[in-house]
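**Q** Coordinates in input_25.txt, compact mmCIF, C-alpha atoms, are listed below.
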```txt
# COMPACT_ATOMS: atom_id res chain seq x y z
CA MET A 1 -11.58 6.80 -32.78
CA GLU A 2 -14.01 4.37 -31.20
CA ARG A 3 -16.44 5.86 -28.70
CA GLU A 4 -18.58 3.97 -26.24
CA THR A 5 -22.33 4.54 -26.29
CA GLU A 6 -23.60 7.39 -24.13
CA ASP A 7 -26.77 5.48 -23.17
CA ARG A 8 -26.51 4.73 -19.46
CA GLY A 9 -30.19 4.37 -18.67
CA GLY A 10 -30.26 7.80 -17.08
CA LYS A 11 -27.73 6.79 -14.42
CA PRO A 12 -24.59 8.84 -13.77
CA ARG A 13 -21.55 6.89 -14.89
CA VAL A 14 -18.62 6.48 -12.52
CA VAL A 15 -15.36 5.36 -14.14
CA ILE A 16 -12.81 3.86 -11.75
CA ALA A 17 -9.31 3.78 -13.24
CA GLY A 18 -7.41 1.05 -11.42
CA GLY A 19 -8.08 -2.39 -9.98
CA GLY A 20 -6.08 -2.28 -6.75
CA VAL A 21 -7.18 -1.80 -3.15
CA ALA A 22 -8.45 1.76 -3.66
CA GLY A 23 -10.33 0.92 -6.86
CA LEU A 24 -12.06 -2.13 -5.40
CA GLU A 25 -12.88 -0.42 -2.11
CA ALA A 26 -14.47 2.47 -4.01
CA MET A 27 -16.46 0.09 -6.22
CA LEU A 28 -17.82 -1.76 -3.21
CA ALA A 29 -18.53 1.43 -1.26
CA LEU A 30 -20.49 2.92 -4.18
CA HIS A 31 -22.50 -0.28 -4.51
CA ASP A 32 -23.41 -0.13 -0.81
CA LEU A 33 -24.06 3.62 -0.61
CA ALA A 34 -25.69 4.36 -3.96
CA GLY A 35 -26.92 0.97 -5.17
CA GLU A 36 -28.78 1.24 -8.47
CA ARG A 37 -28.33 5.00 -8.70
CA LEU A 38 -24.97 4.67 -10.46
CA ASP A 39 -23.46 2.93 -13.48
CA VAL A 40 -20.01 1.91 -12.21
CA ARG A 41 -17.27 0.88 -14.66
CA LEU A 42 -13.97 -0.54 -13.42
CA HIS A 43 -11.01 -0.17 -15.83
CA SER A 44 -7.73 -1.98 -15.26
CA PRO A 45 -4.83 -3.08 -17.48
CA ARG A 46 -4.62 -6.27 -15.40
CA ALA A 47 -7.22 -9.01 -15.15
CA GLU A 48 -6.40 -9.93 -11.55
CA PHE A 49 -6.39 -8.28 -8.15
CA LEU A 50 -3.39 -9.37 -6.10
CA TYR A 51 -3.84 -9.72 -2.36
CA ARG A 52 -0.26 -8.76 -1.56
CA PRO A 53 0.12 -8.39 2.24
CA LEU A 54 1.55 -11.90 2.61
CA ALA A 55 4.18 -11.45 -0.10
CA VAL A 56 6.72 -10.95 2.70
CA THR A 57 6.08 -14.52 3.85
CA GLU A 58 6.49 -16.27 0.48
CA PRO A 59 10.31 -16.48 0.56
CA PHE A 60 10.02 -18.28 3.92
CA GLY A 61 7.34 -20.70 2.72
CA THR A 62 4.73 -19.55 5.24
CA GLY A 63 2.28 -17.68 3.02
CA GLU A 64 1.48 -16.64 -0.52
CA VAL A 65 0.00 -13.90 -2.67
CA LEU A 66 -3.67 -14.58 -3.44
CA ARG A 67 -5.22 -13.73 -6.82
CA PHE A 68 -8.80 -12.74 -7.63
CA ASP A 69 -10.44 -12.28 -11.03
CA LEU A 70 -11.40 -8.61 -11.38
CA GLY A 71 -14.24 -9.31 -13.79
CA GLN A 72 -15.86 -11.67 -11.32
CA LEU A 73 -15.36 -9.22 -8.44
CA ALA A 74 -17.01 -6.43 -10.44
CA GLU A 75 -19.91 -8.66 -11.45
CA ARG A 76 -20.58 -9.61 -7.83
CA CYS A 77 -21.29 -5.99 -6.91
CA GLY A 78 -23.17 -4.90 -10.02
CA ALA A 79 -20.33 -3.12 -11.80
CA SER A 80 -18.86 -3.75 -15.24
CA PHE A 81 -15.19 -4.46 -15.97
CA GLN A 82 -13.01 -3.24 -18.83
CA LEU A 83 -9.62 -4.94 -19.30
CA ASP A 84 -7.72 -1.85 -20.39
CA GLY A 85 -6.03 1.01 -18.61
CA VAL A 86 -6.97 4.69 -18.72
CA VAL A 87 -4.16 6.80 -20.23
CA ALA A 88 -5.75 10.23 -20.71
CA VAL A 89 -8.60 12.38 -19.42
CA ASP A 90 -10.48 15.18 -21.14
CA GLY A 91 -12.00 17.04 -18.22
CA ASP A 92 -14.01 19.48 -20.35
CA ALA A 93 -15.70 16.70 -22.33
CA ARG A 94 -15.71 14.32 -19.33
CA ARG A 95 -14.22 11.49 -21.29
CA VAL A 96 -11.35 9.07 -20.68
CA ARG A 97 -9.14 7.50 -23.32
CA ARG A 98 -7.98 3.91 -22.89
CA ARG A 99 -4.79 2.25 -24.07
CA ASP A 100 -6.62 0.77 -27.05
CA GLY A 101 -7.58 4.27 -28.22
CA ALA A 102 -11.27 3.95 -27.35
CA GLU A 103 -12.96 6.71 -25.41
CA ALA A 104 -15.56 6.40 -22.66
CA PRO A 105 -17.75 9.06 -21.01
CA TYR A 106 -17.95 9.67 -17.30
CA ASP A 107 -19.91 11.82 -14.90
CA HIS A 108 -17.42 11.17 -12.11
CA LEU A 109 -13.92 9.75 -12.45
CA LEU A 110 -11.96 8.09 -9.65
CA VAL A 111 -8.25 7.66 -10.40
CA ALA A 112 -6.82 4.72 -8.46
CA SER A 113 -3.98 3.79 -10.78
CA GLY A 114 -1.44 3.19 -8.03
CA ALA A 115 2.32 3.72 -8.07
CA LYS A 116 5.14 2.34 -10.17
CA ALA A 117 7.87 0.47 -8.30
CA LEU A 118 11.36 1.44 -9.48
CA ARG A 119 14.82 0.18 -8.60
CA ALA A 120 16.41 2.72 -6.29
CA VAL A 121 19.61 1.24 -4.81
CA PRO A 122 22.04 0.00 -7.48
CA GLY A 123 23.51 -3.40 -6.69
CA SER A 124 20.78 -4.39 -4.25
CA THR A 125 18.23 -7.19 -4.48
CA VAL A 126 14.84 -5.51 -4.76
CA PHE A 127 11.87 -6.87 -2.87
CA TRP A 128 9.06 -5.74 -5.15
CA GLY A 129 6.13 -6.49 -2.83
CA VAL A 130 4.56 -9.11 -5.08
CA SER A 131 5.36 -12.77 -5.59
CA ASP A 132 9.12 -13.07 -5.13
CA ASP A 133 11.04 -13.59 -8.35
CA GLY A 134 13.58 -15.77 -6.57
CA GLY A 135 15.98 -12.97 -5.65
CA PHE A 136 15.23 -12.66 -1.97
CA ALA A 137 14.28 -16.32 -1.64
CA GLU A 138 17.80 -17.13 -2.80
CA ILE A 139 19.23 -14.84 -0.12
CA VAL A 140 17.16 -16.68 2.50
CA ARG A 141 18.47 -20.01 1.20
CA ARG A 142 22.07 -18.83 1.34
CA LEU A 143 21.63 -17.38 4.82
CA ARG A 144 20.23 -20.68 6.02
CA ALA A 145 23.13 -22.53 4.41
CA GLY A 146 25.68 -20.25 6.06
CA GLU A 147 26.89 -18.86 2.72
CA LEU A 148 25.97 -15.27 3.62
CA HIS A 149 26.93 -13.67 6.92
CA ARG A 150 26.11 -9.97 6.59
CA VAL A 151 22.79 -8.91 5.05
CA VAL A 152 21.43 -5.36 5.08
CA PHE A 153 17.73 -4.47 4.70
CA THR A 154 16.98 -0.93 3.57
CA MET A 155 14.52 1.45 1.93
CA PRO A 156 15.21 4.49 -0.26
CA SER A 157 12.78 6.98 1.30
CA ARG A 158 11.00 7.86 4.53
CA SER A 159 7.72 8.00 2.63
CA GLY A 160 5.92 4.91 1.40
CA TRP A 161 5.33 1.98 3.75
CA PRO A 162 8.32 0.77 5.82
CA PHE A 163 6.82 -2.45 7.22
CA PRO A 164 8.32 -4.88 4.65
CA VAL A 165 11.88 -3.89 5.57
CA TYR A 166 11.28 -4.76 9.22
CA GLU A 167 9.25 -7.89 8.45
CA LEU A 168 11.89 -9.33 6.12
CA ALA A 169 14.66 -8.67 8.65
CA LEU A 170 12.74 -10.09 11.61
CA GLN A 171 11.60 -13.17 9.69
CA SER A 172 15.17 -13.74 8.51
CA ALA A 173 16.37 -13.59 12.13
CA ALA A 174 13.69 -16.11 13.13
CA GLU A 175 14.70 -18.35 10.21
CA LEU A 176 18.35 -18.32 11.30
CA ALA A 177 17.44 -19.05 14.91
CA SER A 178 15.21 -21.95 13.84
CA ALA A 179 17.97 -23.40 11.65
CA GLY A 180 20.56 -22.99 14.41
CA VAL A 181 22.76 -20.75 12.25
CA GLU A 182 25.08 -18.55 14.27
CA GLY A 183 27.47 -15.73 13.39
CA SER A 184 25.25 -13.93 10.88
CA MET A 185 24.68 -10.18 11.09
CA LEU A 186 21.38 -8.65 9.97
CA THR A 187 21.14 -4.87 9.77
CA ILE A 188 18.33 -2.44 8.97
CA VAL A 189 19.45 0.84 7.39
CA THR A 190 16.62 3.39 7.28
CA PRO A 191 16.21 7.10 6.50
CA GLU A 192 13.77 7.26 9.44
CA GLU A 193 14.91 9.03 12.59
CA ALA A 194 13.60 6.08 14.62
CA PRO A 195 12.22 2.63 13.69
CA LEU A 196 8.62 2.86 12.41
CA GLN A 197 8.51 6.38 13.81
CA LEU A 198 5.21 7.29 12.15
CA PHE A 199 3.40 5.23 14.81
CA GLY A 200 4.75 7.38 17.63
CA VAL A 201 7.51 7.39 20.23
CA ARG A 202 6.43 4.53 22.48
CA ALA A 203 5.69 2.08 19.66
CA SER A 204 8.96 3.01 18.00
CA GLU A 205 10.92 2.29 21.17
CA GLN A 206 9.19 -1.06 21.52
CA VAL A 207 10.17 -1.91 17.93
CA ARG A 208 13.75 -0.91 18.73
CA ARG A 209 13.79 -3.30 21.71
CA LEU A 210 12.31 -6.10 19.61
CA LEU A 211 15.03 -5.68 17.00
CA ALA A 212 17.69 -5.77 19.72
CA GLU A 213 16.18 -8.93 21.23
CA ARG A 214 16.27 -10.62 17.81
CA GLY A 215 19.85 -9.52 17.14
CA VAL A 216 18.96 -7.16 14.29
CA GLU A 217 21.19 -4.09 14.19
CA LEU A 218 19.66 -0.72 13.38
CA VAL A 219 21.11 2.29 11.59
CA THR A 220 18.73 5.27 11.42
CA GLY A 221 18.91 8.57 9.56
CA ALA A 222 20.85 7.04 6.67
CA HIS A 223 19.82 6.94 2.99
CA PRO A 224 21.15 4.01 0.94
CA VAL A 225 23.06 5.14 -2.16
CA LYS A 226 24.52 2.03 -3.82
CA PHE A 227 25.88 -1.44 -3.01
CA GLU A 228 29.22 -2.17 -4.59
CA ASP A 229 32.33 -4.24 -3.76
CA GLY A 230 30.88 -5.55 -0.53
CA GLU A 231 29.89 -2.15 0.86
CA LEU A 232 26.63 -0.23 1.07
CA GLU A 233 27.29 3.45 0.59
CA THR A 234 25.01 5.63 2.72
CA ALA A 235 24.37 9.35 3.04
CA PRO A 236 25.19 10.51 5.56
CA GLY A 237 27.43 7.94 7.26
CA ASP A 238 30.26 5.54 6.61
CA PRO A 239 29.92 2.58 4.22
CA ILE A 240 28.45 -0.58 5.73
CA GLU A 241 30.01 -3.95 4.94
CA ALA A 242 27.57 -6.50 3.54
CA ASP A 243 27.41 -9.73 1.58
CA ALA A 244 23.99 -8.78 0.22
CA VAL A 245 21.62 -5.81 0.40
CA VAL A 246 17.83 -6.10 0.18
CA SER A 247 15.93 -2.93 -0.71
CA THR A 248 12.32 -1.97 -1.21
CA PRO A 249 11.68 0.01 -4.42
CA ARG A 250 11.26 3.71 -4.95
CA LEU A 251 7.67 4.66 -5.78
CA GLU A 252 6.48 7.00 -8.50
CA GLY A 253 2.87 7.89 -9.31
CA ARG A 254 1.34 6.49 -12.50
CA ARG A 255 0.71 9.57 -14.59
CA ILE A 256 -2.51 9.96 -16.58
CA GLU A 257 -2.56 12.70 -19.19
CA GLY A 258 -4.94 15.48 -18.19
CA VAL A 259 -4.81 14.74 -14.44
CA PRO A 260 -2.70 17.13 -12.30
CA HIS A 261 0.30 15.62 -10.54
CA ASP A 262 3.49 16.68 -8.78
CA ALA A 263 7.06 16.14 -9.95
CA GLU A 264 6.96 12.49 -8.82
CA GLY A 265 3.64 11.74 -10.51
CA PHE A 266 1.50 11.87 -7.36
CA ILE A 267 -1.92 13.54 -7.45
CA PRO A 268 -2.88 16.28 -4.96
CA ILE A 269 -6.33 15.80 -3.41
CA ASP A 270 -8.49 17.40 -0.74
CA ASP A 271 -9.99 15.68 2.31
CA HIS A 272 -12.85 14.25 0.24
CA GLY A 273 -10.64 12.83 -2.50
CA ARG A 274 -11.28 15.57 -5.05
CA VAL A 275 -8.33 16.21 -7.34
CA LEU A 276 -7.25 19.81 -6.83
CA GLY A 277 -7.86 22.05 -9.82
CA THR A 278 -10.42 19.74 -11.47
CA GLU A 279 -14.14 19.03 -11.43
CA HIS A 280 -15.76 15.60 -11.14
CA VAL A 281 -12.35 13.94 -10.79
CA PHE A 282 -11.31 12.11 -7.62
CA ALA A 283 -8.25 10.07 -6.65
CA ALA A 284 -7.40 7.54 -3.95
CA GLY A 285 -4.59 5.21 -2.99
CA ASP A 286 -0.88 5.12 -3.75
CA VAL A 287 -1.24 7.48 -6.72
CA THR A 288 -2.14 10.37 -4.39
CA ALA A 289 0.37 12.74 -2.83
CA PHE A 290 -0.34 11.43 0.69
CA PRO A 291 3.09 10.18 1.84
CA VAL A 292 2.06 6.88 3.46
CA LYS A 293 1.41 4.18 0.84
CA GLN A 294 -0.56 1.52 2.70
CA GLY A 295 -3.65 -0.53 1.89
CA GLY A 296 -5.59 0.81 4.86
CA ILE A 297 -4.89 4.40 3.89
CA ALA A 298 -5.89 3.67 0.28
CA ALA A 299 -9.20 2.17 1.41
CA GLN A 300 -9.97 5.11 3.68
CA GLN A 301 -9.32 7.57 0.87
CA ALA A 302 -11.56 5.51 -1.43
CA ASP A 303 -14.36 5.53 1.17
CA ALA A 304 -14.17 9.34 1.48
CA ALA A 305 -14.34 9.78 -2.29
CA ALA A 306 -17.15 7.22 -2.66
CA GLU A 307 -19.26 8.95 -0.02
CA THR A 308 -18.92 12.25 -1.85
CA ILE A 309 -19.79 10.70 -5.23
CA ALA A 310 -22.77 8.84 -3.74
CA SER A 311 -24.02 12.07 -2.15
CA LEU A 312 -23.79 13.87 -5.48
CA ALA A 313 -25.89 11.05 -6.99
CA GLY A 314 -28.64 11.71 -4.45
CA ALA A 315 -27.87 8.99 -1.92
CA GLU A 316 -28.66 9.77 1.70
CA VAL A 317 -25.11 9.90 2.96
CA GLU A 318 -23.19 12.69 4.66
CA PRO A 319 -19.66 12.65 3.19
CA ARG A 320 -17.00 12.42 5.84
CA PRO A 321 -13.49 13.76 5.27
CA PHE A 322 -10.47 11.49 5.04
CA GLU A 323 -9.07 11.12 8.58
CA PRO A 324 -6.25 8.59 8.36
CA VAL A 325 -6.31 5.65 10.74
CA LEU A 326 -2.98 3.85 10.84
CA ARG A 327 -2.76 0.28 12.10
CA GLY A 328 -0.22 -2.36 11.32
CA GLU A 329 0.30 -6.08 11.88
CA LEU A 330 4.05 -6.70 11.94
CA LEU A 331 5.04 -10.24 10.92
CA THR A 332 8.08 -11.35 12.90
CA GLY A 333 8.53 -15.02 12.03
CA ASP A 334 6.67 -16.22 15.11
CA GLU A 335 4.11 -14.17 17.00
CA PRO A 336 2.99 -11.04 15.13
CA ARG A 337 2.99 -7.62 16.76
CA PHE A 338 0.28 -4.98 16.34
CA LEU A 339 1.09 -1.29 16.18
CA SER A 340 -1.15 1.71 16.68
CA GLY A 341 -0.87 5.23 18.01
CA THR A 342 -1.88 8.87 17.77
CA PRO A 343 1.22 10.96 17.19
CA THR A 344 1.43 14.72 17.50
CA GLY A 345 3.67 16.29 14.89
CA GLY A 346 4.81 12.84 13.78
CA HIS A 347 5.32 11.53 17.31
CA GLY A 348 3.21 10.71 20.34
CA ASP A 349 3.33 9.04 23.72
CA ASP A 350 0.09 7.06 23.50
CA SER A 351 1.29 4.73 20.76
CA ALA A 352 1.88 1.06 21.43
CA MET A 353 3.09 -2.24 20.04
CA THR A 354 1.17 -5.18 21.49
CA ARG A 355 0.87 -8.92 21.04
CA HIS A 356 -2.88 -8.55 20.63
CA ALA A 357 -4.57 -6.08 18.30
CA LEU A 358 -6.37 -3.10 19.75
CA TRP A 359 -9.02 -3.44 17.04
CA ALA A 360 -11.42 -6.26 16.18
CA SER A 361 -10.48 -9.12 13.84
CA PRO A 362 -6.92 -8.06 13.02
CA GLY A 363 -5.33 -8.92 9.73
CA LYS A 364 -2.90 -7.76 7.07
CA ILE A 365 -5.63 -6.41 4.84
CA VAL A 366 -7.84 -3.47 5.72
CA GLY A 367 -10.87 -1.71 4.28
CA ARG A 368 -14.43 -1.32 5.54
CA TYR A 369 -15.81 -3.13 2.47
CA LEU A 370 -12.93 -4.92 0.77
CA ALA A 371 -11.76 -7.08 3.66
CA PRO A 372 -15.08 -8.83 4.41
CA PHE A 373 -15.85 -9.06 0.68
CA LEU A 374 -12.63 -10.92 -0.14
CA ALA A 375 -12.88 -13.05 2.99
CA SER A 376 -16.33 -14.26 1.94
CA ILE A 377 -15.07 -15.15 -1.54
CA ALA A 378 -11.85 -16.83 -0.46
CA GLU A 379 -13.62 -18.63 2.39
CA ILE A 380 -10.56 -18.08 4.58
CA ASP A 381 -9.83 -15.66 7.38
CA LEU A 382 -8.13 -12.66 5.82
CA GLY A 383 -8.52 -10.65 9.00
CA VAL A 384 -11.62 -8.43 8.80
CA PRO A 385 -11.07 -5.15 10.66
CA ASP A 386 -13.79 -3.10 12.30
CA PRO A 387 -12.99 0.54 11.48
CA GLY A 388 -15.23 1.68 14.29
CA ARG A 389 -12.97 0.09 16.88
CA ALA A 390 -9.86 2.13 16.16
CA GLU A 391 -9.08 5.71 17.08
CA PRO A 392 -8.02 7.97 14.21
CA LEU A 393 -4.30 8.42 13.75
CA ARG A 394 -3.68 11.88 12.36
CA LEU A 395 -0.41 11.83 10.47
CA ASP A 396 1.92 14.78 10.24
CA LEU A 397 5.03 13.58 8.46
CA GLY A 398 6.51 16.97 7.70
CA ASP A 399 8.37 17.42 4.44
CA GLY A 400 10.06 14.02 4.38
```
Rewrite the structure of this file - the entire thing - as structure tokens.
**A**
Amino acid sequence: MERETEDRGGKPRVVIAGGGVAGLEAMLALHDLAGERLDVRLHSPRAEFLYRPLAVTEPFGTGEVLRFDLGQLAERCGASFQLDGVVAVDGDARRVRRRDGAEAPYDHLLVASGAKALRAVPGSTVFWGVSDDGGFAEIVRRLRAGELHRVVFTMPSRSGWPFPVYELALQSAAELASAGVEGSMLTIVTPEEAPLQLFGVRASEQVRRLLAERGVELVTGAHPVKFEDGELETAPGDPIEADAVVSTPRLEGRRIEGVPHDAEGFIPIDDHGRVLGTEHVFAAGDVTAFPVKQGGIAAQQADAAAETIASLAGAEVEPRPFEPVLRGELLTGDEPRFLSGTPTGGHGDDSAMTRHALWASPGKIVGRYLAPFLASIAEIDLGVPDPGRAEPLRLDLGDG
């Protein structure tokens, strides 16, 4: 079995497994915090990083997914790039095994392998969160043409990130209004107790009013089961008539042999990103057991892990624990809305939905390092947030 050389010039080697938001944020944070102290290696089975927040706009022709070369991104911040995924970890020997069978040593490992998207509602059209494969775009075309009259938007679980369901429904309503199409019924079916409830009571009520103003019906506390013969079966509740059903996927953690995970493949971590029950292994992003799967959360977890790794390498940084800050820009088809709040026990009365962001330079992408880095490369405004301008949102989502 091929083994990479152990010679790292005396520098601790950090292997980052995954080239998504968490992996890139960690790479950039380590470069800023530890500089030349570390030998950082980014491993990914894909050659590109997809900037996905605007995928919800592609079917309407108002935006697109942007693509960045991972090798070039790594080179820009002094890291190396390996086009191959990590499939196994030997914690005792501190080595990872790649898909090609080669092994590589590490002093610290950050798992940022993300989550697998799986079809969850039989019979539905799945919106996968990347460039649309034509499925939902065809539904938009048929809605505009008056060929579909009843479309349901749904999600299989309260965990994850619910924004796309609301954005697709609201943009569809705006598209119908712009085209002068009348008589169509758009419905959101959600397992949530209230719309976008994780932001708090007041913001949720404002979302409810916005949906009502746009003519989007709302059914809460209902899990979609299957779409068949013109009806969406829900539990609990009666079947809902529909011409088409659009669903987001069910998420499952990407398992890596030798890394602890729960029954759904998600990795348990502490407040500094350390994988529970291991040494020198960290995790960040959608692969972790934290229930909210959002780019901003992934970046914050990556920052917490990077600060700890940099401190262990001798950098003058005091590692701060992961304290989730939740902010969201809701695309509605015309003027976006910005949501924030500080719930208590999953709710709160200081949350809000506004027409103007309560933080600096709003945008769909987040991350202390990643957002300005990509904006400088793309030479377009990706919306660079200022993490210091937002109050922490401590999430307590219970068991759901």
**Q** For A:Ala313, which residue among A:Ala17, A:Ala34, A:Leu251, A:Val151 is the nearest when counting only C-alpha atoms?
**A**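 Looking only at the distances to A:Ala313, the closest residue turns out to be A:Ala34.
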**Q** Show me the residues close to (-21.7, -0.3, -9.5) - anything with an atom within 7 Å, counting all atoms listed in the file - and format the list as an mmCIF file with C-alpha atoms, in the frame of the given file.
**A**
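What follows is the written file result_30.cif:
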```cif
data_model
loop_
_atom_site.group_PDB
_atom_site.id
_atom_site.type_symbol
_atom_site.label_atom_id
_atom_site.label_comp_id
_atom_site.auth_asym_id
_atom_site.auth_seq_id
_atom_site.Cartn_x
_atom_site.Cartn_y
_atom_site.Cartn_z
ATOM 1 C CA MET A 27 -16.460 0.090 -6.220
ATOM 2 C CA LEU A 30 -20.490 2.920 -4.180
ATOM 3 C CA HIS A 31 -22.500 -0.280 -4.510
ATOM 4 C CA GLY A 35 -26.920 0.970 -5.170
ATOM 5 C CA LEU A 38 -24.970 4.670 -10.460
ATOM 6 C CA ASP A 39 -23.460 2.930 -13.480
ATOM 7 C CA VAL A 40 -20.010 1.910 -12.210
ATOM 8 C CA ARG A 41 -17.270 0.880 -14.660
ATOM 9 C CA CYS A 77 -21.290 -5.990 -6.910
ATOM 10 C CA GLY A 78 -23.170 -4.900 -10.020
ATOM 11 C CA ALA A 79 -20.330 -3.120 -11.800
#
```
**Q** Which polymer residues have any atom within 8 Å of an atom of A:His108, counting all atoms listed in the file, with same-chain residues fewer than 6 positions away left out, as an MDAnalysis selection string?
**A** chainID A and resid 12:15 280:282 309
**Q** Using only C-alpha atoms, determine which residues lie at most 8 Å from stretch 286-294 of chain A, disregarding the query and same-chain residues fewer than 4 positions distant; provide the list as a list in words.
**A**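 Here the answer would be Val111, Ala112, Ser113, Gly114, Ala115, Ser159, Gly160, Trp161, Glu252, Gly253, Arg254, Asp262, Gly265, Phe266, Ile267, Pro268, Ile269, Ala298 and Leu397 of chain A.
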**Q** Using only C-alpha atoms, which residues sit within 12 Å of A:Met155 once same-chain residues fewer than 2 positions away are excluded, as a CSV table (one decimal) with C-alpha atoms, keeping the file's coordinate frame?
**A**
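New file result-v3.csv:
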```csv
chain,number,residue,atom,x,y,z
A,118,LEU,CA,11.4,1.4,-9.5
A,119,ARG,CA,14.8,0.2,-8.6
A,120,ALA,CA,16.4,2.7,-6.3
A,121,VAL,CA,19.6,1.2,-4.8
A,124,SER,CA,20.8,-4.4,-4.2
A,125,THR,CA,18.2,-7.2,-4.5
A,126,VAL,CA,14.8,-5.5,-4.8
A,127,PHE,CA,11.9,-6.9,-2.9
A,128,TRP,CA,9.1,-5.7,-5.2
A,152,VAL,CA,21.4,-5.4,5.1
A,153,PHE,CA,17.7,-4.5,4.7
A,157,SER,CA,12.8,7.0,1.3
A,158,ARG,CA,11.0,7.9,4.5
A,159,SER,CA,7.7,8.0,2.6
A,160,GLY,CA,5.9,4.9,1.4
A,161,TRP,CA,5.3,2.0,3.8
A,162,PRO,CA,8.3,0.8,5.8
A,163,PHE,CA,6.8,-2.4,7.2
A,164,PRO,CA,8.3,-4.9,4.6
A,165,VAL,CA,11.9,-3.9,5.6
A,166,TYR,CA,11.3,-4.8,9.2
A,168,LEU,CA,11.9,-9.3,6.1
A,188,ILE,CA,18.3,-2.4,9.0
A,189,VAL,CA,19.4,0.8,7.4
A,190,THR,CA,16.6,3.4,7.3
A,191,PRO,CA,16.2,7.1,6.5
A,192,GLU,CA,13.8,7.3,9.4
A,219,VAL,CA,21.1,2.3,11.6
A,220,THR,CA,18.7,5.3,11.4
A,221,GLY,CA,18.9,8.6,9.6
A,222,ALA,CA,20.8,7.0,6.7
A,223,HIS,CA,19.8,6.9,3.0
A,224,PRO,CA,21.2,4.0,0.9
A,225,VAL,CA,23.1,5.1,-2.2
A,226,LYS,CA,24.5,2.0,-3.8
A,234,THR,CA,25.0,5.6,2.7
A,245,VAL,CA,21.6,-5.8,0.4
A,246,VAL,CA,17.8,-6.1,0.2
A,247,SER,CA,15.9,-2.9,-0.7
A,248,THR,CA,12.3,-2.0,-1.2
A,249,PRO,CA,11.7,0.0,-4.4
A,250,ARG,CA,11.3,3.7,-5.0
A,251,LEU,CA,7.7,4.7,-5.8
```
**Q** If I take atom CA of A:Glu231 and atom CA of A:Val216, how far is one from the other in Å, to one decimal?
**A**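 Distance between the two atoms: 18.0 Å.
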**Q** Give me the residues near A:Leu170 as a list in words, where near means some atom within 6 Å (using only C-alpha atoms) and where sequence neighbours in that chain fewer than 3 positions away do not count.
**A**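 The contact residues come out as Glu167, Ala173 and Thr332 of chain A.
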**Q** Scan for residues within 12 Å of the point (-20.7, 15.2, 1.4) in the coordinates of the file, using all atoms listed in the file, and reply as a list in words.
**A** Asp271, His272, Gly273, Arg274, Asp303, Ala304, Ala305, Ala306, Glu307, Thr308, Ile309, Ala310, Ser311, Leu312, Ala313, Gly314, Ala315, Glu316, Val317, Glu318, Pro319, Arg320, Pro321 and Phe322 of chain A
**Q** Restricting the calculation to only C-alpha atoms: of A:Gly367, A:Pro336, A:Gly101, A:Gly129, which residue gets closest to A:Arg355?
**A** A:Pro336
**Q** Quick one: pull the distance between atom CA of A:Pro260 and atom CA of A:Val96, Å, one decimal.
**A**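 According to the coordinates, atom CA of A:Pro260 and atom CA of A:Val96 are separated by 14.5 Å.
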**Q** Find the residues near stretch 93-95 of chain A: any atom within 7 Å, counting only C-alpha atoms, skip ones fewer than 4 places away on the same chain, and give them as a list of chain:residue names.
**A**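 After dropping sequence-adjacent residues, the list is A:Val89, A:Glu103, A:Ala104, A:Pro105, A:Tyr106, A:Asp107.
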**Q** Would you please work out which residue, of A:Ala179, A:Ala194, A:Ala299, A:Leu33, is nearest to A:Leu370 when using only C-alpha atoms?
**A** A:Ala299
**Q** Give the answer as one residue: which of A:Ala244, A:Leu66, A:Glu329, A:Glu279 has the shortest atom-to-atom distance to A:Arg142, using all atoms listed in the file?
**A** A:Ala244
**Q** In terms of the shortest atom-to-atom distance over all atoms listed in the file, which of A:Ile297, A:Leu326, A:Ile377, A:Ala47 is closest to A:Val21?
**A** A:Ile297
